[in-house]
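Enquirer: What follows is the file final-v3.csv, containing CSV, C-alpha atoms:
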```csv
chain,number,residue,atom,x,y,z
A,1,MET,CA,-6.7,-30.2,10.4
A,2,ILE,CA,-6.2,-26.6,11.3
A,3,LYS,CA,-9.8,-26.3,12.2
A,4,ASP,CA,-9.5,-29.3,14.5
A,5,ALA,CA,-6.5,-27.8,16.1
A,6,LEU,CA,-8.3,-24.5,16.7
A,7,ALA,CA,-11.3,-26.4,18.2
A,8,LEU,CA,-8.9,-27.8,20.8
A,9,CYS,CA,-7.4,-24.3,21.3
A,10,LYS,CA,-9.9,-22.4,23.3
A,11,GLY,CA,-8.5,-21.7,26.7
A,12,PRO,CA,-8.3,-18.1,27.9
A,13,GLU,CA,-4.6,-18.0,27.3
A,14,CYS,CA,-5.1,-19.2,23.7
A,15,GLU,CA,-7.8,-16.6,23.1
A,16,ASN,CA,-5.6,-13.9,24.6
A,17,LEU,CA,-2.7,-14.9,22.4
A,18,ARG,CA,-4.9,-14.9,19.3
A,19,ALA,CA,-5.9,-11.3,20.1
A,20,HIS,CA,-2.3,-10.2,20.3
A,21,LEU,CA,-0.6,-12.2,17.5
A,22,SER,CA,0.1,-9.0,15.5
A,23,GLU,CA,1.5,-7.1,18.4
A,24,LEU,CA,3.7,-10.1,19.2
A,25,LEU,CA,4.9,-10.4,15.6
A,26,ASP,CA,5.5,-6.6,15.3
A,27,GLY,CA,7.4,-6.4,18.6
A,28,GLN,CA,4.8,-4.1,20.1
A,29,LEU,CA,4.0,-6.1,23.2
A,30,SER,CA,5.5,-5.0,26.5
A,31,PRO,CA,8.5,-7.2,27.6
A,32,ALA,CA,6.3,-8.9,30.3
A,33,LYS,CA,3.5,-9.6,27.9
A,34,ALA,CA,5.8,-10.8,25.2
A,35,ALA,CA,7.5,-13.2,27.7
A,36,LYS,CA,4.2,-14.6,28.7
A,37,ALA,CA,3.1,-15.0,25.1
A,38,LYS,CA,6.3,-16.8,24.2
A,39,ALA,CA,6.0,-19.1,27.2
A,40,HIS,CA,2.5,-20.0,26.1
A,41,LEU,CA,3.7,-20.7,22.6
A,42,LYS,CA,6.3,-23.2,24.0
A,43,ALA,CA,3.6,-24.9,26.0
A,44,CYS,CA,0.8,-25.0,23.4
A,45,PRO,CA,1.5,-26.7,20.0
A,46,HIS,CA,-1.8,-25.5,18.5
A,47,CYS,CA,-1.0,-21.8,19.2
A,48,ALA,CA,2.6,-22.4,18.1
A,49,LYS,CA,1.3,-23.7,14.8
A,50,GLU,CA,-1.1,-20.8,14.4
A,51,TYR,CA,1.6,-18.3,15.2
A,52,ALA,CA,4.0,-19.9,12.7
A,53,GLN,CA,1.3,-19.7,9.9
A,54,PHE,CA,0.4,-16.1,10.8
A,55,LYS,CA,4.1,-15.2,10.7
A,56,ALA,CA,4.6,-17.0,7.3
A,57,MET,CA,1.6,-15.2,5.8
A,58,VAL,CA,2.8,-11.7,6.9
A,59,LYS,CA,6.3,-12.5,5.6
A,60,ALA,CA,4.8,-13.6,2.3
A,61,CYS,CA,2.8,-10.4,2.1
A,62,ARG,CA,6.0,-8.4,2.7
A,63,GLU,CA,7.8,-10.3,0.0
A,64,LEU,CA,5.2,-10.0,-2.7
A,65,PRO,CA,6.7,-8.6,-5.9
A,66,GLU,CA,6.0,-5.0,-6.7
A,67,PRO,CA,3.6,-4.8,-9.8
A,68,ALA,CA,5.3,-3.1,-12.7
A,69,LEU,CA,4.1,0.3,-13.9
A,70,SER,CA,3.6,0.1,-17.7
A,71,ALA,CA,5.7,2.2,-20.1
A,72,SER,CA,2.4,3.6,-21.6
A,73,CYS,CA,1.4,4.9,-18.1
A,74,ARG,CA,4.8,6.6,-17.6
A,75,GLU,CA,4.4,8.3,-21.0
A,76,LYS,CA,0.9,9.4,-20.2
A,77,LEU,CA,2.2,10.9,-16.9
A,78,LYS,CA,4.9,12.8,-18.8
A,79,ARG,CA,2.4,14.2,-21.3
A,80,LEU,CA,0.1,15.2,-18.4
A,81,TYR,CA,3.0,17.0,-16.8
A,82,SER,CA,3.9,18.8,-20.1
A,83,GLY,CA,0.3,20.0,-20.4
A,84,TRP,CA,0.3,21.2,-16.9
A,85,ALA,CA,3.7,22.9,-17.2
A,86,GLN,CA,2.7,24.8,-20.3
A,87,LYS,CA,0.0,26.5,-18.4
A,88,LEU,CA,2.5,27.8,-15.8
A,89,PRO,CA,3.0,31.6,-15.9
A,90,ARG,CA,6.1,32.3,-17.9
A,91,PRO,CA,9.0,33.8,-15.9
A,92,LYS,CA,9.5,37.5,-16.6
A,93,GLY,CA,12.7,38.2,-18.5
A,94,PRO,CA,14.9,41.4,-18.0
A,95,ALA,CA,12.9,44.5,-18.6
A,96,LYS,CA,13.5,45.8,-22.2
A,97,ARG,CA,14.8,49.4,-22.3
A,98,LYS,CA,13.0,51.6,-24.6
A,99,VAL,CA,15.3,52.8,-27.3
A,100,ARG,CA,14.7,56.4,-28.2
A,101,SER,CA,14.9,57.1,-31.9
B,1,MET,CA,18.7,4.9,7.9
B,2,LYS,CA,17.5,8.3,9.3
B,3,VAL,CA,20.4,10.0,7.5
B,4,ALA,CA,19.4,8.4,4.2
B,5,ASN,CA,15.8,9.4,4.8
B,6,ALA,CA,16.7,13.0,5.5
B,7,LEU,CA,18.9,13.1,2.4
B,8,ALA,CA,16.1,11.7,0.3
B,9,GLU,CA,13.7,14.3,1.7
B,10,THR,CA,16.1,17.1,0.9
B,11,GLU,CA,16.5,15.8,-2.6
B,12,ASP,CA,12.7,15.6,-2.9
B,13,ARG,CA,12.2,19.2,-1.8
B,14,GLU,CA,14.7,20.3,-4.5
B,15,LEU,CA,13.0,18.2,-7.1
B,16,ILE,CA,9.6,19.5,-6.1
B,17,ARG,CA,10.8,23.1,-6.4
B,18,LYS,CA,12.0,22.4,-9.9
B,19,VAL,CA,8.8,20.5,-10.8
B,20,ALA,CA,6.8,23.5,-9.7
B,21,GLU,CA,8.8,25.6,-12.0
B,22,GLY,CA,8.0,23.3,-15.0
B,23,GLN,CA,11.3,21.4,-15.3
B,24,GLU,CA,10.5,18.2,-17.1
B,25,GLN,CA,13.7,16.4,-16.1
B,26,ALA,CA,12.8,17.0,-12.4
B,27,PHE,CA,9.4,15.6,-13.0
B,28,ALA,CA,10.8,12.5,-14.7
B,29,GLU,CA,13.0,11.9,-11.7
B,30,LEU,CA,10.2,12.4,-9.2
B,31,MET,CA,7.9,10.2,-11.2
B,32,GLY,CA,10.6,7.5,-11.3
B,33,ARG,CA,10.9,7.5,-7.6
B,34,TYR,CA,7.2,7.5,-6.6
B,35,ALA,CA,4.9,6.5,-9.5
B,36,PRO,CA,5.8,2.7,-9.2
B,37,ARG,CA,5.1,2.8,-5.5
B,38,ILE,CA,1.8,4.6,-5.9
B,39,PHE,CA,0.9,2.2,-8.7
B,40,GLY,CA,1.7,-0.8,-6.4
B,41,PHE,CA,-0.5,0.7,-3.7
B,42,ALA,CA,-3.4,1.4,-6.1
B,43,PHE,CA,-3.1,-2.0,-7.8
B,44,ARG,CA,-3.3,-3.8,-4.5
B,45,LEU,CA,-6.2,-1.8,-3.4
B,46,CYS,CA,-8.4,-2.1,-6.5
B,47,GLY,CA,-6.9,-5.3,-8.1
B,48,GLN,CA,-7.3,-3.8,-11.6
B,49,ARG,CA,-4.4,-2.6,-13.7
B,50,GLN,CA,-6.4,-0.1,-15.7
B,51,ASP,CA,-8.0,1.4,-12.6
B,52,ALA,CA,-4.7,1.5,-10.8
B,53,GLU,CA,-3.1,3.4,-13.7
B,54,ASP,CA,-6.0,5.8,-13.8
B,55,LEU,CA,-5.5,6.3,-10.1
B,56,VAL,CA,-1.7,7.0,-10.5
B,57,GLN,CA,-2.5,9.7,-13.1
B,58,ASP,CA,-5.2,11.1,-11.0
B,59,THR,CA,-3.0,11.2,-7.9
B,60,PHE,CA,-0.1,12.9,-9.8
B,61,MET,CA,-2.4,15.5,-11.4
B,62,SER,CA,-4.0,16.3,-8.1
B,63,ALA,CA,-0.5,16.6,-6.5
B,64,LEU,CA,0.7,18.9,-9.2
B,65,ARG,CA,-2.4,21.2,-8.8
B,66,SER,CA,-1.6,21.7,-5.2
B,67,ILE,CA,2.2,21.3,-5.3
B,68,SER,CA,2.7,24.9,-4.1
B,69,GLN,CA,0.8,23.9,-0.9
B,70,PHE,CA,3.2,21.1,-0.1
B,71,GLN,CA,5.0,22.3,3.0
B,72,GLY,CA,7.2,19.4,3.8
B,73,LYS,CA,5.5,18.7,7.2
B,74,SER,CA,5.4,15.1,6.2
B,75,SER,CA,7.5,13.3,3.6
B,76,PHE,CA,6.5,13.7,0.0
B,77,SER,CA,5.7,9.9,-0.2
B,78,THR,CA,3.3,10.2,2.8
B,79,TRP,CA,1.7,13.2,1.1
B,80,LEU,CA,1.3,11.3,-2.2
B,81,TYR,CA,-0.1,8.1,-0.5
B,82,THR,CA,-2.6,10.4,1.3
B,83,ILE,CA,-3.8,11.8,-2.0
B,84,ALA,CA,-3.9,8.3,-3.5
B,85,ALA,CA,-6.0,7.0,-0.6
B,86,HIS,CA,-8.5,9.8,-1.0
B,87,ARG,CA,-8.7,9.5,-4.8
B,88,CYS,CA,-9.1,5.7,-4.5
B,89,GLN,CA,-12.1,6.2,-2.2
B,90,ARG,CA,-13.5,8.7,-4.6
B,91,MET,CA,-13.1,6.3,-7.5
B,92,ARG,CA,-14.7,3.6,-5.5
B,93,ARG,CA,-17.8,5.8,-4.9
B,94,LEU,CA,-18.0,6.8,-8.5
B,95,LYS,CA,-17.7,3.2,-9.7
B,96,SER,CA,-20.0,1.7,-7.1
B,97,GLY,CA,-22.9,1.9,-9.5
B,98,GLU,CA,-21.0,0.4,-12.4
B,99,PRO,CA,-21.0,-3.3,-13.3
B,100,LYS,CA,-17.8,-5.0,-12.2
B,101,ARG,CA,-15.1,-5.5,-14.9
B,102,LYS,CA,-13.5,-8.8,-15.1
B,103,ALA,CA,-10.6,-8.1,-12.8
B,104,SER,CA,-7.2,-9.2,-13.8
B,105,LEU,CA,-6.7,-10.5,-10.3
B,106,GLU,CA,-9.9,-12.5,-10.6
B,107,ALA,CA,-8.1,-14.6,-13.1
B,108,MET,CA,-5.2,-15.0,-10.6
B,109,ALA,CA,-7.7,-16.0,-8.0
B,110,GLU,CA,-9.0,-18.7,-10.3
B,111,ALA,CA,-5.4,-19.8,-10.7
B,112,GLY,CA,-5.0,-19.9,-6.9
B,113,GLN,CA,-8.3,-21.9,-6.5
B,114,ALA,CA,-6.9,-24.4,-8.9
B,115,LEU,CA,-4.4,-25.5,-6.3
B,116,PRO,CA,-4.5,-29.2,-5.4
B,117,ALA,CA,-6.8,-30.0,-2.5
B,118,SER,CA,-4.0,-30.8,-0.2
B,119,GLN,CA,-2.3,-27.4,-0.9
B,120,GLN,CA,-5.7,-25.6,-0.6
B,121,GLN,CA,-5.9,-26.9,3.0
B,122,ASP,CA,-2.3,-26.1,3.9
B,123,ILE,CA,-1.8,-23.0,1.7
B,124,LEU,CA,-0.1,-21.2,4.5
B,125,GLU,CA,2.6,-23.9,4.4
B,126,HIS,CA,3.2,-23.5,0.7
B,127,LEU,CA,3.4,-19.7,0.6
B,128,GLY,CA,6.7,-19.9,-1.3
B,129,SER,CA,5.0,-21.3,-4.3
B,130,GLN,CA,4.0,-19.1,-7.2
B,131,GLN,CA,0.3,-20.3,-7.1
B,132,ALA,CA,0.0,-19.6,-3.4
B,133,ARG,CA,1.4,-16.1,-3.9
B,134,GLN,CA,-1.1,-15.5,-6.6
B,135,ARG,CA,-3.8,-16.7,-4.3
B,136,LEU,CA,-2.6,-14.3,-1.7
B,137,LEU,CA,-2.5,-11.4,-4.2
B,138,ALA,CA,-6.0,-12.3,-5.3
B,139,GLU,CA,-7.5,-12.4,-1.8
B,140,ILE,CA,-6.1,-9.0,-0.6
B,141,PRO,CA,-8.3,-6.8,-2.9
B,142,LYS,CA,-11.3,-8.7,-1.7
B,143,LEU,CA,-10.8,-7.7,2.0
B,144,PRO,CA,-13.1,-5.0,3.4
B,145,GLN,CA,-11.8,-1.6,2.3
B,146,GLU,CA,-10.8,-0.3,5.8
B,147,PHE,CA,-8.8,-3.4,6.6
B,148,LYS,CA,-7.3,-3.6,3.1
B,149,LYS,CA,-5.8,-0.1,3.1
B,150,VAL,CA,-4.1,-0.7,6.4
B,151,LEU,CA,-2.8,-4.1,5.4
B,152,VAL,CA,-1.5,-2.9,2.1
B,153,LEU,CA,0.3,0.2,3.6
B,154,ARG,CA,1.8,-1.7,6.5
B,155,ASP,CA,2.6,-5.2,5.2
B,156,LEU,CA,3.0,-4.6,1.4
B,157,GLU,CA,4.2,-1.0,1.1
B,158,GLY,CA,6.3,-1.1,4.3
B,159,GLN,CA,4.9,2.0,5.9
B,160,ASP,CA,5.3,2.3,9.7
B,161,THR,CA,2.3,2.7,12.0
B,162,ALA,CA,2.7,6.5,12.4
B,163,ALA,CA,2.9,7.1,8.6
B,164,THR,CA,-0.1,4.8,8.0
B,165,ALA,CA,-2.1,6.7,10.6
B,166,LYS,CA,-1.2,10.0,8.9
B,167,ILE,CA,-2.0,8.7,5.4
B,168,LEU,CA,-5.4,7.4,6.4
B,169,GLY,CA,-6.3,10.1,8.9
B,170,ILE,CA,-6.8,7.6,11.8
B,171,THR,CA,-5.1,7.0,15.1
B,172,GLN,CA,-2.2,4.7,15.6
B,173,ALA,CA,-4.3,2.5,17.9
B,174,ALA,CA,-6.9,2.2,15.0
B,175,VAL,CA,-4.0,1.2,12.6
B,176,LYS,CA,-2.9,-1.5,15.0
B,177,SER,CA,-6.4,-2.8,15.6
B,178,ARG,CA,-7.4,-2.8,11.9
B,179,LEU,CA,-4.1,-4.4,10.9
B,180,HIS,CA,-4.6,-7.3,13.2
B,181,ARG,CA,-8.2,-7.8,12.0
B,182,ALA,CA,-7.1,-7.5,8.4
B,183,ARG,CA,-4.4,-10.2,8.9
B,184,MET,CA,-6.8,-12.5,10.8
B,185,GLU,CA,-9.4,-12.1,8.0
B,186,LEU,CA,-6.8,-12.7,5.3
B,187,LYS,CA,-5.7,-15.9,7.1
B,188,ARG,CA,-9.3,-17.0,7.5
B,189,ARG,CA,-9.8,-16.6,3.7
B,190,LEU,CA,-6.7,-18.5,2.9
B,191,VAL,CA,-7.7,-21.4,5.2
B,192,PRO,CA,-11.5,-21.5,5.0
```
Can the structure in the file be given as structure tokens, please?
Expert:
Amino acid sequence: MIKDALALCKGPECENLRAHLSELLDGQLSPAKAAKAKAHLKACPHCAKEYAQFKAMVKACRELPEPALSASCREKLKRLYSGWAQKLPRPKGPAKRKVRS
Amino acid sequence: MKVANALAETEDRELIRKVAEGQEQAFAELMGRYAPRIFGFAFRLCGQRQDAEDLVQDTFMSALRSISQFQGKSSFSTWLYTIAAHRCQRMRRLKSGEPKRKASLEAMAEAGQALPASQQQDILEHLGSQQARQRLLAEIPKLPQEFKKVLVLRDLEGQDTAATAKILGITQAAVKSRLHRARMELKRRLVP
């Protein structure tokens, strides 16, 4: 169904819109170009559908849950840090005064 | 927002100073802030939990080795992402000759492919469903490497165009162009 829609959607304005979907979505088009693109979306149901799907896909990407870092990996990182920190040069303490006997 | 970012960066600089002195509590704090994000980035790039965990450890060790060189010209998170992106590329080169492991995300892809035919066709209209999200997660690691990095940083990690350009060492125009191509390619894969 979508392929059929795209087959019908090959005018130069449709092609132009497809090339700028991301910029339109991210608000990076100039006001004049954005207005032209929005006017085309109102007039072309195929491009409107394509844009709605594109927008939904990007929104879904942004809302994907963050994968959880395992406790074992956190522990390993702490161990790696401890090993690294042990090799750091020890800070010098106050100079010891020689006690004369 | 800018005030919050500036405050976080000041706190980071203080933590980094303490980490460089060997203070374990400061490292735990810094790790708590950034390890999950670097893991998310790595996992979405390689699609393998074990590889992603190796990459997190590799990234933090590499950062520790050069922590005295961190000058605060960019945020600590941008610096870490930059290291992770380089280490990921290195890992990919090293692994390119190895047989592929059964990826955990491959199993998720199979779950996604098991969608009913009607949903396969209109997957973009069912993106709220768990199966469709799994399909999306499974398709992202399969994107060409250069597209994938930009898509993950911009759309999944929420980095802006300038930070993404800095992390990947490319121009902002290249970020915009690759992001668009990545999104179009992902959409094509979701609706073959």
Enquirer: Restrict the distance test to only C-alpha atoms, flag each residue of chain B within 7 Å of chain A, and return the flagged residues as a PyMOL selection string.
Expert: chain B and resi 22+36+39-40+53+57+124+127+155-156+180
Enquirer: Have a look at B:Gln145, B:Gln134, B:Ser66, B:Thr10 and name the one nearest to Ala85 (chain B); count only C-alpha atoms.
Expert: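 Result for the nearest residue to Ala85 (chain B): B:Gln145.
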Enquirer: Counting all atoms listed in the file, what is within 12 Å of Arg37 (chain B), bar same-chain residues fewer than 6 positions away, as a ChimeraX atom specification?
Expert: /A:65-69 /B:30-31,43-44,52-53,56,59,77-78,80-81,84,152-153,156-159
Enquirer: Can I get the selected residues back with C-alpha atoms, as an mmCIF file, in the frame of the given file?
Expert:
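Below is the file selection02.cif, written as the result:
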```cif
data_model
loop_
_atom_site.group_PDB
_atom_site.id
_atom_site.type_symbol
_atom_site.label_atom_id
_atom_site.label_comp_id
_atom_site.auth_asym_id
_atom_site.auth_seq_id
_atom_site.Cartn_x
_atom_site.Cartn_y
_atom_site.Cartn_z
ATOM 1 C CA PRO A 65 6.700 -8.600 -5.900
ATOM 2 C CA GLU A 66 6.000 -5.000 -6.700
ATOM 3 C CA PRO A 67 3.600 -4.800 -9.800
ATOM 4 C CA ALA A 68 5.300 -3.100 -12.700
ATOM 5 C CA LEU A 69 4.100 0.300 -13.900
ATOM 6 C CA LEU B 30 10.200 12.400 -9.200
ATOM 7 C CA MET B 31 7.900 10.200 -11.200
ATOM 8 C CA PHE B 43 -3.100 -2.000 -7.800
ATOM 9 C CA ARG B 44 -3.300 -3.800 -4.500
ATOM 10 C CA ALA B 52 -4.700 1.500 -10.800
ATOM 11 C CA GLU B 53 -3.100 3.400 -13.700
ATOM 12 C CA VAL B 56 -1.700 7.000 -10.500
ATOM 13 C CA THR B 59 -3.000 11.200 -7.900
ATOM 14 C CA SER B 77 5.700 9.900 -0.200
ATOM 15 C CA THR B 78 3.300 10.200 2.800
ATOM 16 C CA LEU B 80 1.300 11.300 -2.200
ATOM 17 C CA TYR B 81 -0.100 8.100 -0.500
ATOM 18 C CA ALA B 84 -3.900 8.300 -3.500
ATOM 19 C CA VAL B 152 -1.500 -2.900 2.100
ATOM 20 C CA LEU B 153 0.300 0.200 3.600
ATOM 21 C CA LEU B 156 3.000 -4.600 1.400
ATOM 22 C CA GLU B 157 4.200 -1.000 1.100
ATOM 23 C CA GLY B 158 6.300 -1.100 4.300
ATOM 24 C CA GLN B 159 4.900 2.000 5.900
#
```
Enquirer: Please compute the CA of Leu15 (chain B)-CA of Arg154 (chain B) distance, one decimal, in Å.
Expert: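 The value is 26.6 Å.
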Enquirer: Find the residues near region 166-179 of chain B: any atom within 6 Å, counting only C-alpha atoms, skip ones fewer than 6 places away on the same chain, and give them as a list in words.
Expert: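 With the cut-off at 6 Å, the set is Thr82, Phe147, Val150 and Leu151 of chain B.
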Enquirer: Could you tell me how far CA of Phe70 (chain B) lies from CA of Arg17 (chain B), in Å and to one decimal?
Expert: 10.1 Å
Enquirer: Quick one: residues within 9 Å of Glu9 (chain B), all atoms listed in the file, excluding same-chain residues fewer than 5 positions away - as a ChimeraX atom specification?
Expert: /B:4,14,72,75-76
Enquirer: When you draw a straight line from CA of Arg135 (chain B) to CA of Leu186 (chain B), how long is it in Å?
Expert: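 Separation between CA of Arg135 (chain B) and CA of Leu186 (chain B): 10.8 Å.
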